[in-house]
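Each remark here refers to the structure printed beneath this line.
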Amino acid sequence: MKIKITGLRKKIELFDIFNNLFMIVVILITLYPFWYCLVGSLNQGFDYLKGGVYFFPRVFSLENYIIVLREKVLLKAYRVTISRTLIGTATHVFITALFAYGFSRRYLFGKSFYSKFGLVTMYFSGGLIPQYILYNQLGLLDSFWVYIIPGMISFYHVIIMQAFFKTIPEELNESAVMDGAGEYRIFFSIIIPISKPVLAAIALYTSVGHWNSFFDSMVFTTSTSLQTVQVYLMRIIRSIEHATAMAREASDLMPGLQRANTETIKLATMMVATIPILVAYPFFQKYFVKGIMLGSIKG
Amino acid sequence: MTNAVVLTAYLEVLALSTILKGTEIRVKKFNKKFPRFEKRQLEAQSMILPGFILMLVFSYFPMYGLIIAFKDYNIVSGFMGAPWVGLDNFKEFLSYDRFYLVLRNSLAINILQLLFSFPVPIIFALLLNEMKNAGFKKIVQTISYLPHFVSWVIYAGLIHVLLDPRGIFNSILMLLNITEKPILFLGEPSYFWMIAVVSGVLKGFGWSSIIYLAAISGVDQQLYDAATVDGAGRLQKMWHITLPSIKGTVAILLIFNISGLVKTGFDQIWMMHNPLNMSMSETIEIYVYKMGLESFRFSYSTAVGLSQSVVSVILLTVSNFLIKKVTEESLF
């Protein structure tokens with residue numbers, strides 16, 4: 001009997017050891033690509049070409065970053081990305097929350113109509129070309145607003161938000177109504193302050209979406225002044241000529257940087273676009289998780 | 001443009017009349033009960049309005065625009081002026097000599113992705129749930145979600161770098177004598193499916209596991225205690241208690257995954273395809289984009305996209321039906 005128990009215990013421990021080892025492998029596989037990229041971008045360009053820069057920079061140098069951060073097109077792209085993220089997120093959260101609050105009112109007429117109307121938009125779309133033609137007719141092509149206006153509402157986010165609004169006790173509303181407050185007053189001074197967790201989660205999803213989106217910029221805009229960081233990056237990754245041109249330009253400016261090569265410039269550009277997410281992510285990740293939980297309650 | 005205006009007006013009238021018809025009588029009854037009701041109703045409706053118009057314009061107009069799949073549309077002729085061509089665009093796609101290739105790539109990449117990216121998060125969630133050290137568990141979770149928040153542009157960029165002939169992956173392979181010369185992974189068509197599937201799983205498994213973890217945390221603890229008394233081991237408990245308890249969640253997510261079967265993510269494939277691996281990497285999405293916005297064949301590419309959506313809807317309905325039969329769980 002005694003032997004059996006110790007045998008069992010051993011088995012459990014073995015399982016734990018393997019499980020923890022497995023998790024360490026998972027962490028390494030997830031983080032290593034980013035580390036590799038960071039190390040390469042901090043290595044001197046010419047030296048990197050010899051290969052073998054895997055764990056630490058062999059010849060430490062910041063020249064790649066100096067070249068990348070001097071690039072005016074990238075700085076401009078950053079400005080576009082930041083403004084679309086801020087404006088796009090603010091308008092999306094506002095319009096969606098407004099819709100969700102109205103939608104969560106029990107007395108709302110046409111509620112089932114709105115619900116079907118919205119659900120259809122979640123599962124069907126006209127596809128790329130009809131969208132393109134529509135934007136063309138609305139004058140949204142090659143305009144900053146193509147990033148903002150079509151994305152101002154998402155019915156999926158409406159569902160998440162109104163599920164939260166429904167959990168707010170009705171008495172809060174009733175007392176405000178007694179005091180003569182209209183729905184707008186209630187929305188701005190009661191609902192919004194109470195709903196900060198869900199609004200934060202939605203705002204974070206939306207801003208990550210804006211930050212990472214490249215399709216709209218690639219398809220619907222043509223001028224360089226509207227190019228986002230992701231499109232800029234895409235062009236660099238997909239065409240080596242671009243990075244070569246950049247290196248040549250940089251070496252014209254600063255003779256000392258002639259050894260810089262396209263590979264490490266590419267890595268530095270990737271890092272510059274990733275670092276904001278890597279830095280912000282640990283602080284915000286609990287809101288992301290909260291958001292998906294709220295969604296799954298309903299879903 | 002005039003068509004669009006007429007359509008808006010028509011849809012608006014349709015929407016309003018639907019709302020009004022059913023509710024007119026109820027309004028009167030309500031107004032007697034609550035005198036302040038009318039004002040609230042107007043306010044609530046006005047809150048809905050901006051979002052409603054946005055959905056109408058940016059979701060419903062393009063759906064109406066799908067009719068160009070049955071026309072020979074060009075910029076000069078416009079919507080109305082374009083002549084009807086019936087199913088010609090669809091026939092052309094079916095007789096296109098690379099039709100088989102494009103369809104095969106889309107299906108293969110998706111089926112492979114489903115086979116791996118569906119079970120991996122479930123297994124990961126089960127193993128995470130077995131971890132005893134809460135702090136370490138939290139760290140693993142946080143790190144595993146990270147790639148989800150990085151764009152495909154960057155993630156594919158990382159994959160490019162890792163798989164580079166000079167990159168670490170080739171070095172490891174050469175160190176282990178698996179290959180003599182470095183392999184140009186993304187230039188070799190035969191590797192493309194594997195790269196797409198593995199990178200898709202790596203980017204998404206952590207984030208997808210959240211929903212299963214939530215389901216697992218809802219399992220009644222007493223079940224485990226009872227099983228412990230009966231002498232069940234960890235793996236047995238996993239198999240006999242945890243898995244059956246999250247069956248519903250698994251079923252729902254499976255339906256979602258199957259309905260997305262014909263749709264490959266554009267971003268990922270776009271970032272990884274190149275002229276060298278085209279024969280294995282050209283999916284329907286890529287083809288639609290190229291035909292529509294690089295060759296400006298608007299009608300034809302809309303028809304291709306529409307056929308894809310139709311297959312997608314059929315798959316959703318069928319999988320929903322089948323899974324309803326098996327697990328009594330369904331979306332609709």
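As shown in the structure tokens, the chain order sets the letters A, B, ...; within each chain, residues go from 1, and ligands are also counted from 1 in the order they appear.
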
Next item on the list: Show which residues sit within 12 Å of Ala90 of chain A, as a list of chain:residue names. Count only C-alpha atoms, and ignore same-chain residues fewer than 6 positions away.
Entry: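 Once the adjacent positions are removed, what remains is A:Ser83, A:Arg84, A:Thr96, A:Ala97, A:Ile148, A:Ile149, A:Gly151, A:Met152, A:Ile153, A:Leu199, A:Ala200, A:Ile202, A:Ala203, A:Leu204, A:Tyr205, A:Thr206, A:Ser207, A:His210.
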
Selection file, C-alpha atoms, as a compact mmCIF listing (two decimals), in the first residue's frame:
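Written out: out-v4.txt:
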# COMPACT_ATOMS: atom_id res chain seq x y z
CA SER A 83 -3.14 60.24 -35.04
CA ARG A 84 -5.24 57.51 -36.61
CA THR A 96 -20.14 52.37 -30.26
CA ALA A 97 -20.86 53.13 -26.60
CA ILE A 148 -11.44 56.66 -39.21
CA ILE A 149 -14.98 56.75 -40.55
CA GLY A 151 -14.26 51.83 -38.50
CA MET A 152 -16.35 53.97 -36.18
CA ILE A 153 -18.74 51.19 -35.24
CA LEU A 199 -14.63 50.98 -22.28
CA ALA A 200 -10.92 50.57 -21.53
CA ILE A 202 -12.69 48.09 -26.11
CA ALA A 203 -10.44 51.14 -26.46
CA LEU A 204 -7.38 48.93 -26.17
CA TYR A 205 -8.59 46.41 -28.75
CA THR A 206 -9.42 49.21 -31.13
CA SER A 207 -6.13 50.99 -30.67
CA HIS A 210 -5.42 50.76 -35.61

Next item on the list: At a cut-off of 6 Å, list the chain A residues touching chain B, using only C-alpha atoms, as a PyMOL selection string.
Entry: chain A and resi 51+98-99+102+110+121+125-126+129-131+150+153+212+234

Next item on the list: Just the residues within 10 Å of Val219 of chain B, please, counting only C-alpha atoms, with nothing from its chain fewer than 6 positions along; format it as a list in words.
Entry: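 Residues near the query, excluding close chain neighbours: Ile241, Thr242, Leu243, Pro244, Ser245 and Ile246 of chain B.
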
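Distance annotation: of A:Leu128, A:Glu171, A:Leu49, A:Leu226, the residue with the minimal separation from Tyr287 of chain B is A:Leu128; atom set is only C-alpha atoms.
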
Item checked: Selection near Val250 of chain B, 12 Å with only C-alpha atoms, sequence-local residues under 6 positions removed, as a ChimeraX atom specification -> /B:118-119,121-123,125,208-209,211-216,242-244,256-257,323,327,329-330

Next item on the list: From the DSSP assignment of the backbone, select every residue of segment 96-255 of chain B that is alpha helix (DSSP H), and format the answer as a ChimeraX atom specification.
Entry: /B:99-117,119-129,134-145,152-162,168-175,189-217,221-229,234-237,243-245,247-255

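By chain and then residue number, the residues within 6 Å of segment 59-70 of chain A are Leu42, Asn43, Gln44, Ile265 and Ala268 of chain A, counting only C-alpha atoms and disregarding those fewer than 3 positions away in sequence.
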
Notebook entry, point to check: What does the distance between atom CA of His240 of chain B and atom CA of Ala226 of chain B come to in Å, to one decimal place?
Noted result: 12.1 Å

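Relative to atom CA of Asn261 of chain A, atom CA of Gly45 of chain A is found at 4.9 Å.
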
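What separates atom CA of Glu174 of chain A from atom CA of Gln162 of chain A is a distance of 17.9 Å.
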
Margin query: Env of Leu184 of chain B: 7 Å cut, atoms = only C-alpha atoms, seq-sep filter 3 positions within chain, self excluded. Answer as a PyMOL selection string.
Written below: chain B and resi 164-165+187-188

Next item on the list: Please identify all polymer residues within 12 Å of segment 228-231 of chain A, counting only C-alpha atoms, omitting same-chain residues fewer than 3 positions from it, and present them as a PyMOL selection string.
Entry: (chain A and resi 72-85+144+147+209-225+234-239+269-274+276) or (chain B and resi 150-157+267+271)

Item checked: Nearest candidate to Glu38 of chain B (options A:Tyr107, A:Tyr101, A:Tyr32, A:Phe46; using only C-alpha atoms) ->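 Of A:Tyr107, A:Tyr101, A:Tyr32, A:Phe46, the one nearest Glu38 of chain B is A:Tyr107, counting only C-alpha atoms.
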